[in-house]
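One structure is given here, and the rest of the page talks about it.
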Amino acid sequence: MNTILILLILASAAGLVATTRTRAAQIARMAKTNGCRFEREKNSITTEQTAGRLEFFTQYFHQYQNVCTCTDEFAFIRVADDNIYTDDNPKTKPVKFTIFTAELKRRQFPALKIAPIDSPFAPSQYALMKTNIPQIDSRYRIHAPTPAAALVLTPFIIGLLKTRSNIYMELNDNALVYHENAQMPLSEFQQFRFRAIQILHEFENIIIRLDEANPSTTATLVSKSQDEAEAQAEAMMKALCTVQNESSPSKGGWRGIWIIVLLAVLLGISLLSWLVLNNWIFR
């Protein structure tokens, strides 16, 4: 009887130790350390409006686990494991990503989407841009509906894209979603979160500075202490002002007007020449 009781106690202890070592339990402890609320499962990690605006959430079916939520002065922040089901086949195993989301409380991002070329999330409804930086163009597809997106491509972000090939980043309205196309191992979970927060703060700082600056000073907002990075950032901004896969409607409209004006001038010259010649011949 004593032996059975001892075995039961040992089994219970082993089970308790095993549960404290699960991914959920360890992320819950990290969440507590970081002052975040932990939820084992959640139906959505953004507001409904935000989920509808970000292409990442409108593609495929998402199931969220191990959700850590916190807030700061600027944004509501969540880190979660995302199980992504790419089809309706029940036998298909989900793709697992660890994702970071932020929703700004008072400001907005310019729309921008950056994804690895081979990512299932690379296609977009937005215009495709080229940066003319080989280390980036060979790895990523960058989409933006307006050239304003270039303003958030700071030297820090450009450097990140040049040195890493696994970044997915999407901005729209007040929301950001970021992941690295993988589920983070527990040993890298905290580093992933800190890296994502650093990116968020980079965007927050540039948006605040843009809001406070006059339009004439926008081009000088980048720090002067990193000459090479600054030059690359400026090149990026200029490159992103031109859509690579379709011509600008405004330019096309002006081109058409100039053709019409030119034809009218040529017709006028021809008519004037005919009148002069007729008057000269019949006199």
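Here, A, B, ... name the chains of the structure tokens in the order displayed, residue numbers run from 1 inside each chain, and ligands are numbered from 1 in the same displayed order.
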Exercise. Leaving out Phe56 (chain A) and any residue of its chain fewer than 2 positions from it, which residues lie within 8 Å of it when counting only C-alpha atoms, given as an MDAnalysis selection string?
Worked result: chainID A and resid 54 58:59 121 170 177
For this session: Taking the chain letters and numbering used in this document, name the residues of region 30-161 of chain A that DSSP puts in helix (DSSP H, G or I), as an MDAnalysis selection string.
Result: chainID A and resid 30:33 48:53 55:58 134:137 147:152 155:161
Exercise. With only C-alpha atoms as the basis for distance, which of A:Ala175, A:Ile207, A:Ile84, A:Leu186 is at the shortest distance from Tyr64 (chain A)?
Worked result: A:Ile84
For this session: Select from region 121-177 of chain A everything DSSP, run on the backbone, classes as strand (DSSP E), then give the selection as a PyMOL selection string.
Result: chain A and resi 128-129+140-143+168-173+175-177
Keeping N, CA, C and O atoms, export the residues of the selection given above as a PDB file, in the first residue's frame.
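Contents of result.pdb, as written:
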```
ATOM      1  N   LEU A 128       3.894  47.020 -56.531  1.00  0.00           N
ATOM      2  CA  LEU A 128       5.195  46.449 -56.196  1.00  0.00           C
ATOM      3  C   LEU A 128       6.282  47.495 -56.411  1.00  0.00           C
ATOM      4  O   LEU A 128       6.303  48.176 -57.427  1.00  0.00           O
ATOM      5  N   MET A 129       7.161  47.629 -55.418  1.00  0.00           N
ATOM      6  CA  MET A 129       8.240  48.611 -55.476  1.00  0.00           C
ATOM      7  C   MET A 129       9.597  47.913 -55.565  1.00  0.00           C
ATOM      8  O   MET A 129       9.752  46.783 -55.125  1.00  0.00           O
ATOM      9  N   TYR A 140      13.359  40.239 -50.910  1.00  0.00           N
ATOM     10  CA  TYR A 140      12.029  40.691 -50.490  1.00  0.00           C
ATOM     11  C   TYR A 140      11.191  41.238 -51.635  1.00  0.00           C
ATOM     12  O   TYR A 140      11.723  41.754 -52.618  1.00  0.00           O
ATOM     13  N   ARG A 141       9.888  41.133 -51.446  1.00  0.00           N
ATOM     14  CA  ARG A 141       8.922  41.872 -52.239  1.00  0.00           C
ATOM     15  C   ARG A 141       8.371  42.987 -51.345  1.00  0.00           C
ATOM     16  O   ARG A 141       7.905  42.711 -50.231  1.00  0.00           O
ATOM     17  N   ILE A 142       8.437  44.208 -51.837  1.00  0.00           N
ATOM     18  CA  ILE A 142       7.979  45.369 -51.065  1.00  0.00           C
ATOM     19  C   ILE A 142       6.816  46.003 -51.810  1.00  0.00           C
ATOM     20  O   ILE A 142       6.921  46.317 -52.995  1.00  0.00           O
ATOM     21  N   HIS A 143       5.700  46.172 -51.107  1.00  0.00           N
ATOM     22  CA  HIS A 143       4.496  46.743 -51.704  1.00  0.00           C
ATOM     23  C   HIS A 143       4.086  47.981 -50.923  1.00  0.00           C
ATOM     24  O   HIS A 143       4.149  48.004 -49.688  1.00  0.00           O
ATOM     25  N   TYR A 168       8.840  39.439 -42.105  1.00  0.00           N
ATOM     26  CA  TYR A 168       7.558  39.877 -42.662  1.00  0.00           C
ATOM     27  C   TYR A 168       7.107  41.071 -41.841  1.00  0.00           C
ATOM     28  O   TYR A 168       7.064  41.024 -40.607  1.00  0.00           O
ATOM     29  N   MET A 169       6.745  42.149 -42.536  1.00  0.00           N
ATOM     30  CA  MET A 169       6.361  43.370 -41.858  1.00  0.00           C
ATOM     31  C   MET A 169       5.233  44.025 -42.647  1.00  0.00           C
ATOM     32  O   MET A 169       5.350  44.217 -43.859  1.00  0.00           O
ATOM     33  N   GLU A 170       4.133  44.343 -41.984  1.00  0.00           N
ATOM     34  CA  GLU A 170       3.017  44.990 -42.663  1.00  0.00           C
ATOM     35  C   GLU A 170       2.462  46.107 -41.776  1.00  0.00           C
ATOM     36  O   GLU A 170       2.190  45.899 -40.592  1.00  0.00           O
ATOM     37  N   LEU A 171       2.320  47.278 -42.383  1.00  0.00           N
ATOM     38  CA  LEU A 171       1.765  48.445 -41.704  1.00  0.00           C
ATOM     39  C   LEU A 171       0.518  48.896 -42.454  1.00  0.00           C
ATOM     40  O   LEU A 171       0.497  48.901 -43.684  1.00  0.00           O
ATOM     41  N   ASN A 172      -0.492  49.289 -41.720  1.00  0.00           N
ATOM     42  CA  ASN A 172      -1.676  49.878 -42.337  1.00  0.00           C
ATOM     43  C   ASN A 172      -2.490  50.587 -41.265  1.00  0.00           C
ATOM     44  O   ASN A 172      -2.768  50.007 -40.211  1.00  0.00           O
ATOM     45  N   ASP A 173      -2.840  51.827 -41.537  1.00  0.00           N
ATOM     46  CA  ASP A 173      -3.602  52.644 -40.609  1.00  0.00           C
ATOM     47  C   ASP A 173      -2.842  52.721 -39.271  1.00  0.00           C
ATOM     48  O   ASP A 173      -1.721  53.200 -39.244  1.00  0.00           O
ATOM     49  N   ALA A 175      -1.985  50.043 -37.377  1.00  0.00           N
ATOM     50  CA  ALA A 175      -1.599  48.682 -36.982  1.00  0.00           C
ATOM     51  C   ALA A 175      -0.308  48.206 -37.644  1.00  0.00           C
ATOM     52  O   ALA A 175       0.027  48.584 -38.770  1.00  0.00           O
ATOM     53  N   LEU A 176       0.402  47.355 -36.917  1.00  0.00           N
ATOM     54  CA  LEU A 176       1.618  46.697 -37.382  1.00  0.00           C
ATOM     55  C   LEU A 176       1.533  45.213 -37.059  1.00  0.00           C
ATOM     56  O   LEU A 176       1.108  44.835 -35.967  1.00  0.00           O
ATOM     57  N   VAL A 177       1.924  44.367 -38.019  1.00  0.00           N
ATOM     58  CA  VAL A 177       2.131  42.949 -37.736  1.00  0.00           C
ATOM     59  C   VAL A 177       3.539  42.597 -38.213  1.00  0.00           C
ATOM     60  O   VAL A 177       3.969  43.023 -39.294  1.00  0.00           O
TER      61      VAL A 177
END
```
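In terms of minimum interatomic distance to Ile136 (chain A), A:Asn166 ranks closest within A:Thr69, A:Asn166, A:Thr22, A:Asn89, counting only C-alpha atoms.
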Exercise. Expressed in Å to a single decimal, how great is the separation between CA of Gln135 (chain A) and CA of Phe156 (chain A)?
Worked result: 14.7 Å
For this session: Kindly give the distance, in Å, that separates CA of Phe74 (chain A) and CA of Ile157 (chain A), rounded to a single decimal.
Result: 19.6 Å
Seminar exercise, completed: In Å and to one decimal, CA of Asn174 (chain A) is distant from CA of Leu153 (chain A) by 16.7 Å
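Distance annotation: of A:Glu188, A:Glu41, A:Asp137, A:Glu202, the residue with the minimal separation from Asp82 (chain A) is A:Glu41; atom set is only C-alpha atoms.
The closest residue to Tyr85 (chain A), picked from A:Pro110, A:Pro145, A:Pro120, A:Gly52 and counting only C-alpha atoms, is A:Pro120.
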For this session: Would you list the contacts of Pro185 (chain A) as JSON, numbers by chain, taking every protein, DNA or RNA residue within 10 Å and counting only C-alpha atoms, but skipping same-chain residues closer than 4 positions in sequence?
Result: {"A": [23, 98, 189, 190, 192]}
Include N, CA and C atoms and write out the residues we just selected as a tab-separated table (two decimals), in the first residue's frame.
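Dumped everything to selection.tsv:
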```tsv
chain	number	residue	atom	x	y	z
A	23	ARG	N	5.53	24.58	-23.44
A	23	ARG	CA	5.71	25.88	-24.09
A	23	ARG	C	4.78	26.92	-23.48
A	98	THR	N	5.38	32.66	-34.84
A	98	THR	CA	5.24	33.55	-33.69
A	98	THR	C	5.13	34.96	-34.23
A	189	PHE	N	12.46	33.40	-27.77
A	189	PHE	CA	11.18	34.09	-27.69
A	189	PHE	C	11.34	35.52	-27.19
A	190	GLN	N	12.12	35.70	-26.13
A	190	GLN	CA	12.32	37.03	-25.57
A	190	GLN	C	13.08	37.94	-26.55
A	192	PHE	N	13.05	37.75	-29.78
A	192	PHE	CA	12.10	38.11	-30.83
A	192	PHE	C	11.22	39.28	-30.39
```
